[in-house]
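Data first, discussion second: the structure below is written as structure tokens.
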Amino acid sequence: MSRYSRITGTGSFLPPKRVTNAELATQLAANGIETSDEWIVERTGIRARHFAEPDVGSSELGVHAARRALEAAGRQPSDIDLIIVATSTPDMVFPSTATILQNKLGIAGCPAFDVQAVCSGFVYALTVADAMIRTGTASRALVIGSEVFSRILDWTDRTTCVLFGDGAGAVVLEASDTPGLLASDLHADGKHVEILCVPGGVSGGKVHGNPLLRMDGQAVFKLAVGVLDQAARAVLKKAERTEADIDWLIPHQANIRIMQGTARKLKLPADKLVVTVDQHGNTSAASIPLALDVAVRSGKVRQGDTVMLEGVGGGFTWGAVLLDF
Ligand code: ACO
């Protein structure tokens with residue numbers, strides 16, 4: 001009998017502090033940075049985002065999302081035998097956010113590690129967990145995307161600081177006799193490092209370089225639309241499905257225009273596109289599992305639906321996962 005992996009529960013968590021575009025514009029204006037609700041909505045579709053308090057890190061947001069996913073799956077932390085956290089904003093340089101989160105869940109012993117693929121992190125992490133489950137290395141995984149991007153924003157750069165937010169999403173992925181994850185298609189091209197990066201690091205007790213996010217928005221935009229379409233078609237081909245089989249498209253929530261462009265290229269009606277970027281902003285690796293959980297809890301995504309997840313982000317990295325929920 002073949003062994004597959006299937007999502008059995010989803011969860012998410014947003015830090016309570018919600019900041020609307022108008023509130024952000026007022027805060028930025030105090031430092032001489034000009035922006036407006038109109039500009040942000042028109043160019044990105046974002047209306048609000050959540051920010052974590054200074055003492056709350058990715059492991060803390062992630063553990064709340066993980067507990068909700070466990071509850072939805074009817075599982076206890078002790079049932080879990082693999083933890084993967086996708087994050088670009090880890091609590092520490094090391095150990096991994098996954099090990100810190102494991103301890104917060106009150107469990108020990110199972111493998112726990114982080115995946116770093118920026119906004120593609122969740123589709124990368126899900127693919128790794130699926131492979132480990134199929135080969136029998138794990139049976140019940142927690143796969144989490146968690147970010148505090150507010151920590152790496154340059155508040156003097158209006159072209160980036162209005163785009164991002166904090167949050168976490170999680171799934172429980174379990175071994176199954178019937179396919180849940182149908183196919184995955186992942187890519188990276190390191191020649192595009194410069195268009196989206198945090199070009200800093202720690203060395204000799206000091207921060208070297210610039211530890212704040214830098215992005216060439218137009219270059220990212222152009223690249224994103226093309227590679228997302230390629231990944232979508234590749235994953236459909238691998239799964240021997242067509243566009244008509246997609247019940248829900250859940251792309252990385254970065255910009256409504258990129259998301260709508262991707263849906264249009266796949267000839268999907270607008271109501272098959274799950275949109276949370278308006279309320280969450282871009283939460284990088286957390287955006288896909290956050291949107292998935294919102295769609296599940298609102299009754300949109302139901303058992304048996306075919307869902308396409310698509311990530312794209314710094315590296316450049318991109319990829320898609322097709323699954324039967
Ligand atoms: N408020 C008001 N005006 C602004 C702001 C702002 N926050 N930011 C830029 N502007 C101005 C610019 O200065 C420029 O003014 P000018 O014409 O006088 O020079 C004008 O608005 C247009 O700027 P553009 O950069 O050309 O605006 P564009 O339409 O390209 O939108 C944006 C910018 C939203 C960043 C867009 O390029 C984009 O979404 N790119 C993709 C980004 C993305 O998806 N990133 C995430 C992927 S990976 C990851 O998530 C880590």
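Each chain in the structure tokens gets a letter, A, B and so on, in the order shown; residues start at 1 in every chain, and ligands are counted from 1 in the order they appear.
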Query raised in the report: Can you tell me which residues sit at most 7 Å away from ligand 1, counting only C-alpha atoms and all ligand atoms, written as a ChimeraX atom specification?
Result: /A:34-36,39-40,43-44,118-119,158-160,162,196,217-218,220-221,254-255,258,282,284,312-314
Taking C-alpha atoms for each residue, export the selection above as an mmCIF file, in the first residue's frame.
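Listed below is the output, again22.cif:
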```cif
data_model
loop_
_atom_site.group_PDB
_atom_site.id
_atom_site.type_symbol
_atom_site.label_atom_id
_atom_site.label_comp_id
_atom_site.auth_asym_id
_atom_site.auth_seq_id
_atom_site.Cartn_x
_atom_site.Cartn_y
_atom_site.Cartn_z
ATOM 1 C CA GLU A 34 4.567 60.403 3.537
ATOM 2 C CA THR A 35 2.101 57.678 2.580
ATOM 3 C CA SER A 36 -1.655 57.191 2.467
ATOM 4 C CA TRP A 39 -1.770 54.579 -2.199
ATOM 5 C CA ILE A 40 -1.354 51.381 -0.171
ATOM 6 C CA ARG A 43 -0.943 49.423 -5.247
ATOM 7 C CA THR A 44 -1.137 46.408 -2.920
ATOM 8 C CA VAL A 118 11.623 33.507 2.825
ATOM 9 C CA CYS A 119 8.066 33.804 1.440
ATOM 10 C CA ARG A 158 7.983 53.848 2.527
ATOM 11 C CA THR A 159 8.311 51.521 -0.456
ATOM 12 C CA THR A 160 8.685 48.514 1.876
ATOM 13 C CA VAL A 162 3.879 49.575 4.530
ATOM 14 C CA LEU A 196 14.916 41.195 -2.191
ATOM 15 C CA GLY A 217 9.494 46.103 -5.891
ATOM 16 C CA GLN A 218 9.094 46.311 -9.641
ATOM 17 C CA VAL A 220 10.117 41.356 -7.755
ATOM 18 C CA PHE A 221 6.686 42.004 -9.245
ATOM 19 C CA ALA A 254 2.095 39.817 -0.980
ATOM 20 C CA ASN A 255 0.155 41.990 -3.362
ATOM 21 C CA ILE A 258 0.154 39.687 -8.331
ATOM 22 C CA ASN A 282 2.577 40.304 3.695
ATOM 23 C CA SER A 284 6.154 36.091 4.408
ATOM 24 C CA VAL A 312 7.404 33.239 -4.052
ATOM 25 C CA GLY A 313 10.054 35.255 -2.301
ATOM 26 C CA GLY A 314 13.622 36.260 -1.610
#
```
Query - Spatial neighbours of segment 134-146 of chain A, max dist 9 Å, only C-alpha atoms, sep filter under 4 positions, as a PyMOL selection string - result: chain A and resi 2-5+57-63+65-66+69-70+79-90+98+121-122+125-126+129-130+166-176+283-290
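Here the question is which of A:Trp155, A:Phe316, A:Trp248, A:Phe51 gets nearest to Gln27 of chain A using only C-alpha atoms, and that residue is A:Trp155.
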Requested in this report: Mind listing the strand (DSSP E) residues of segment 4-226 of chain A, per DSSP on the backbone, as a ChimeraX atom specification?
Outcome: /A:4-13,17-20,48-51,82-86,112-115,140-148,166-176,181-188,196-197,200-203,206-209,214-215
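The environment of Gln303 of chain A within 10 Å, counting only C-alpha atoms and disregarding residues fewer than 3 places along the same chain, consists of A:Ile7, A:Thr8, A:Val296, A:Gly299, A:Lys300, A:Thr306, A:Asp324, A:Phe325.
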